[in-house]
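**Student:** Can you keep this structure in mind? I'll have questions shortly.
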Amino acid sequence: MTDPLFAPRGSKAEIEEGDRLSPKFDADGLITAVTVDADDGAVLMVAHMNAEALALTIETGEAHYFSRSRGRLWKKGEESGHVQKLVELSVDCDQDAVVLRVRMPELGPGIPGAACHTGHRSCFFRSVPLGAAPPAELKLSVNDAGKLFDPAKVYGTPKKTDTPRF
């Protein structure tokens with residue numbers, strides 16, 4: 001998919017080696033966005049962007065995404081206040097994925113910002129054990145210090161009729 005917000009897709013050499021941003025959005029008009037902490041490189045989350053979200057992120061310096069479950073554009077932190085300030089935006093060689101290096105405001109003195117709606121710093125707070133064939137009941141292990149905030153206090157308690165937030 002091409003979009004007038006960005007340069008048209010050119011030859012393979014132009015896309016892979018050129019100096020023009022011409023993202024390759026998928027059939028749903030989305031591109032994968034990997035978000036990492038600008039200081040320690042920790043992967044905070046993986047989301048998707050449509051052309052509008054990518055353009056707004058570039059323009060404002062704050063991360064915007066397209067929520068597939070909500071079916072709409074959203075600015076990270078619009079409900080929680082956990083805004084992601086962009087430090088660097090990189091695109092991969094064939095321009096079908098981006099990496100956002102971000103900084104998030106501390107939740108308190110010495111308490112890092114949290115990117116995950118569950119209250120954890122990272123959406124990747126569980127690890128898969130390695131070294132054996134995985135059984136059907138494979139148990140994940142938590143790999144962080146725990147939740148940094150209470151999601152019910154930040155987002156409220158969802159009602160049965162609420163559209164899923166995530």
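Chains: A, B, ... in order of the structure tokens. Residues: from 1 per chain. Ligands: from 1, in order shown.
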Determine, counting only C-alpha atoms, which protein, DNA and RNA residues have an atom within 6 Å of an atom of range 139-150 of chain A; residues of the same chain fewer than 2 positions away are not included. Present the result as an MDAnalysis selection string.

**Tutor:** chainID A and resid 119:120 125:128 152:153

**Student:** Mind writing the picked residues with all heavy atoms as a JSON list (two decimals), in the first residue's frame?

**Tutor:**
```
[["chain", "number", "residue", "atom", "x", "y", "z"],
["A", 119, "GLY", "N", 0.48, -2.97, 33.90],
["A", 119, "GLY", "CA", 1.19, -2.37, 35.02],
["A", 119, "GLY", "C", 2.68, -2.64, 35.02],
["A", 119, "GLY", "O", 3.42, -2.06, 35.82],
["A", 120, "HIS", "N", 3.14, -3.51, 34.15],
["A", 120, "HIS", "CA", 4.56, -3.82, 34.06],
["A", 120, "HIS", "C", 5.28, -2.78, 33.19],
["A", 120, "HIS", "O", 4.67, -2.14, 32.34],
["A", 120, "HIS", "CB", 4.78, -5.22, 33.47],
["A", 120, "HIS", "CG", 4.33, -6.31, 34.37],
["A", 120, "HIS", "ND1", 5.17, -6.93, 35.25],
["A", 120, "HIS", "CD2", 3.11, -6.87, 34.55],
["A", 120, "HIS", "CE1", 4.50, -7.86, 35.92],
["A", 120, "HIS", "NE2", 3.24, -7.84, 35.52],
["A", 125, "PHE", "N", 7.18, -9.12, 29.98],
["A", 125, "PHE", "CA", 7.56, -9.35, 31.37],
["A", 125, "PHE", "C", 7.57, -10.83, 31.74],
["A", 125, "PHE", "O", 7.79, -11.18, 32.89],
["A", 125, "PHE", "CB", 6.65, -8.57, 32.33],
["A", 125, "PHE", "CG", 5.20, -8.96, 32.27],
["A", 125, "PHE", "CD1", 4.71, -9.97, 33.09],
["A", 125, "PHE", "CD2", 4.35, -8.33, 31.40],
["A", 125, "PHE", "CE1", 3.37, -10.33, 33.04],
["A", 125, "PHE", "CE2", 3.00, -8.67, 31.35],
["A", 125, "PHE", "CZ", 2.52, -9.67, 32.17],
["A", 126, "ARG", "N", 7.35, -11.71, 30.76],
["A", 126, "ARG", "CA", 7.38, -13.15, 31.02],
["A", 126, "ARG", "C", 8.36, -13.83, 30.07],
["A", 126, "ARG", "O", 8.46, -13.46, 28.90],
["A", 126, "ARG", "CB", 6.00, -13.77, 30.85],
["A", 126, "ARG", "CG", 4.99, -13.22, 31.86],
["A", 126, "ARG", "CD", 3.61, -13.69, 31.58],
["A", 126, "ARG", "NE", 3.16, -13.10, 30.30],
["A", 126, "ARG", "CZ", 1.98, -13.34, 29.75],
["A", 126, "ARG", "NH1", 1.13, -14.15, 30.33],
["A", 126, "ARG", "NH2", 1.66, -12.77, 28.62],
["A", 127, "SER", "N", 9.06, -14.83, 30.58],
["A", 127, "SER", "CA", 10.03, -15.58, 29.78],
["A", 127, "SER", "C", 9.56, -17.02, 29.61],
["A", 127, "SER", "O", 8.90, -17.59, 30.49],
["A", 127, "SER", "CB", 11.40, -15.60, 30.46],
["A", 127, "SER", "OG", 11.94, -14.31, 30.51],
["A", 128, "VAL", "N", 9.96, -17.60, 28.49],
["A", 128, "VAL", "CA", 9.67, -18.99, 28.18],
["A", 128, "VAL", "C", 10.89, -19.82, 28.55],
["A", 128, "VAL", "O", 12.01, -19.49, 28.12],
["A", 128, "VAL", "CB", 9.36, -19.14, 26.67],
["A", 128, "VAL", "CG1", 9.13, -20.60, 26.31],
["A", 128, "VAL", "CG2", 8.19, -18.26, 26.27],
["A", 152, "ALA", "N", -6.25, -0.88, 37.41],
["A", 152, "ALA", "CA", -7.62, -0.49, 37.75],
["A", 152, "ALA", "C", -7.68, 0.97, 38.19],
["A", 152, "ALA", "O", -8.64, 1.68, 37.90],
["A", 152, "ALA", "CB", -8.17, -1.40, 38.84],
["A", 153, "LYS", "N", -6.62, 1.45, 38.86],
["A", 153, "LYS", "CA", -6.59, 2.85, 39.29],
["A", 153, "LYS", "C", -6.30, 3.79, 38.12],
["A", 153, "LYS", "O", -6.77, 4.92, 38.10],
["A", 153, "LYS", "CB", -5.54, 3.06, 40.39],
["A", 153, "LYS", "CG", -5.94, 2.45, 41.71],
["A", 153, "LYS", "CD", -4.90, 2.70, 42.78],
["A", 153, "LYS", "CE", -5.33, 2.08, 44.10],
["A", 153, "LYS", "NZ", -4.27, 2.18, 45.10]]
```

**Student:** If you count only C-alpha atoms, which residues fall within 12 Å of Gly41 in chain A, apart from same-chain ones fewer than 5 positions away, as number ranges by chain?

**Tutor:** A: 34-36, 99-103, 122

**Student:** Neighbouring residues of Glu17 in chain A were defined as those with any atom within 10 Å, considering only C-alpha atoms; residues of the same chain fewer than 5 positions away were excluded. Please report them as a list in words.

**Tutor:**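 In the requested form, the answer reads Ser11, Lys12, Cys93 and Asp94 of chain A.
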
**Student:** Based on the selection just made, write all heavy atoms of those residues as an mmCIF file, in the first residue's frame.

**Tutor:**
```cif
data_model
loop_
_atom_site.group_PDB
_atom_site.id
_atom_site.type_symbol
_atom_site.label_atom_id
_atom_site.label_comp_id
_atom_site.auth_asym_id
_atom_site.auth_seq_id
_atom_site.Cartn_x
_atom_site.Cartn_y
_atom_site.Cartn_z
ATOM 1 N N SER A 11 12.393 1.323 -6.575
ATOM 2 C CA SER A 11 13.079 0.068 -6.860
ATOM 3 C C SER A 11 13.578 -0.537 -5.548
ATOM 4 O O SER A 11 13.649 0.131 -4.514
ATOM 5 C CB SER A 11 14.260 0.324 -7.792
ATOM 6 O OG SER A 11 15.271 1.057 -7.095
ATOM 7 N N LYS A 12 13.968 -1.782 -5.624
ATOM 8 C CA LYS A 12 14.512 -2.466 -4.450
ATOM 9 C C LYS A 12 15.711 -1.690 -3.900
ATOM 10 O O LYS A 12 15.834 -1.490 -2.693
ATOM 11 C CB LYS A 12 14.904 -3.896 -4.810
ATOM 12 C CG LYS A 12 15.444 -4.682 -3.640
ATOM 13 C CD LYS A 12 15.748 -6.127 -4.029
ATOM 14 C CE LYS A 12 16.305 -6.848 -2.824
ATOM 15 N NZ LYS A 12 16.628 -8.235 -3.081
ATOM 16 N N CYS A 93 15.549 -2.412 6.611
ATOM 17 C CA CYS A 93 16.046 -2.313 5.234
ATOM 18 C C CYS A 93 14.950 -2.316 4.180
ATOM 19 O O CYS A 93 15.065 -1.600 3.187
ATOM 20 C CB CYS A 93 17.067 -3.412 4.950
ATOM 21 S SG CYS A 93 16.391 -5.079 5.164
ATOM 22 N N ASP A 94 13.885 -3.072 4.359
ATOM 23 C CA ASP A 94 12.830 -3.053 3.348
ATOM 24 C C ASP A 94 11.635 -2.192 3.760
ATOM 25 O O ASP A 94 10.605 -2.184 3.089
ATOM 26 C CB ASP A 94 12.400 -4.464 2.941
ATOM 27 C CG ASP A 94 11.909 -5.308 4.095
ATOM 28 O OD1 ASP A 94 11.941 -4.843 5.243
ATOM 29 O OD2 ASP A 94 11.472 -6.441 3.832
#
```

**Student:** Pick out the closest residue to His82 in chain A from this set: A:Ala27, A:Val46, A:Ile15, A:Met104. Count only C-alpha atoms.

**Tutor:**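 Smallest distance to His82 in chain A is found for A:Met104.
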
**Student:** Mind checking DSSP for range 22-138 of chain A and telling me the helix (DSSP H, G or I) residues as a list in words?

**Tutor:**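 Helix (DSSP H, G or I) assignments inside range 22-138 of chain A correspond to Ala51, Glu52, Ala53, Leu54, Ala55, Leu56, Thr57, Ile58, Glu59 and Thr60 of chain A.
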
**Student:** So that I can check the surroundings of range 50-66 of chain A, please list as a count of residues only every protein, DNA and RNA residue that reaches within 12 Å of it, counting only C-alpha atoms and ignoring chain neighbours fewer than 4 positions away.

**Tutor:** 57

**Student:** I'd like to know which of A:Met49, A:Ala42, A:Pro135, A:Thr157 is closest to Cys123 in chain A, using only C-alpha atoms.

**Tutor:** A:Ala42

**Student:** Using the chain letters and numbers from this document, which residues of range 3-120 of chain A does DSSP assign to strand (DSSP E or B), as a PyMOL selection string?

**Tutor:** chain A and resi 31-37+43-49+62+64-67+72-75+85-91+97-103+108+111
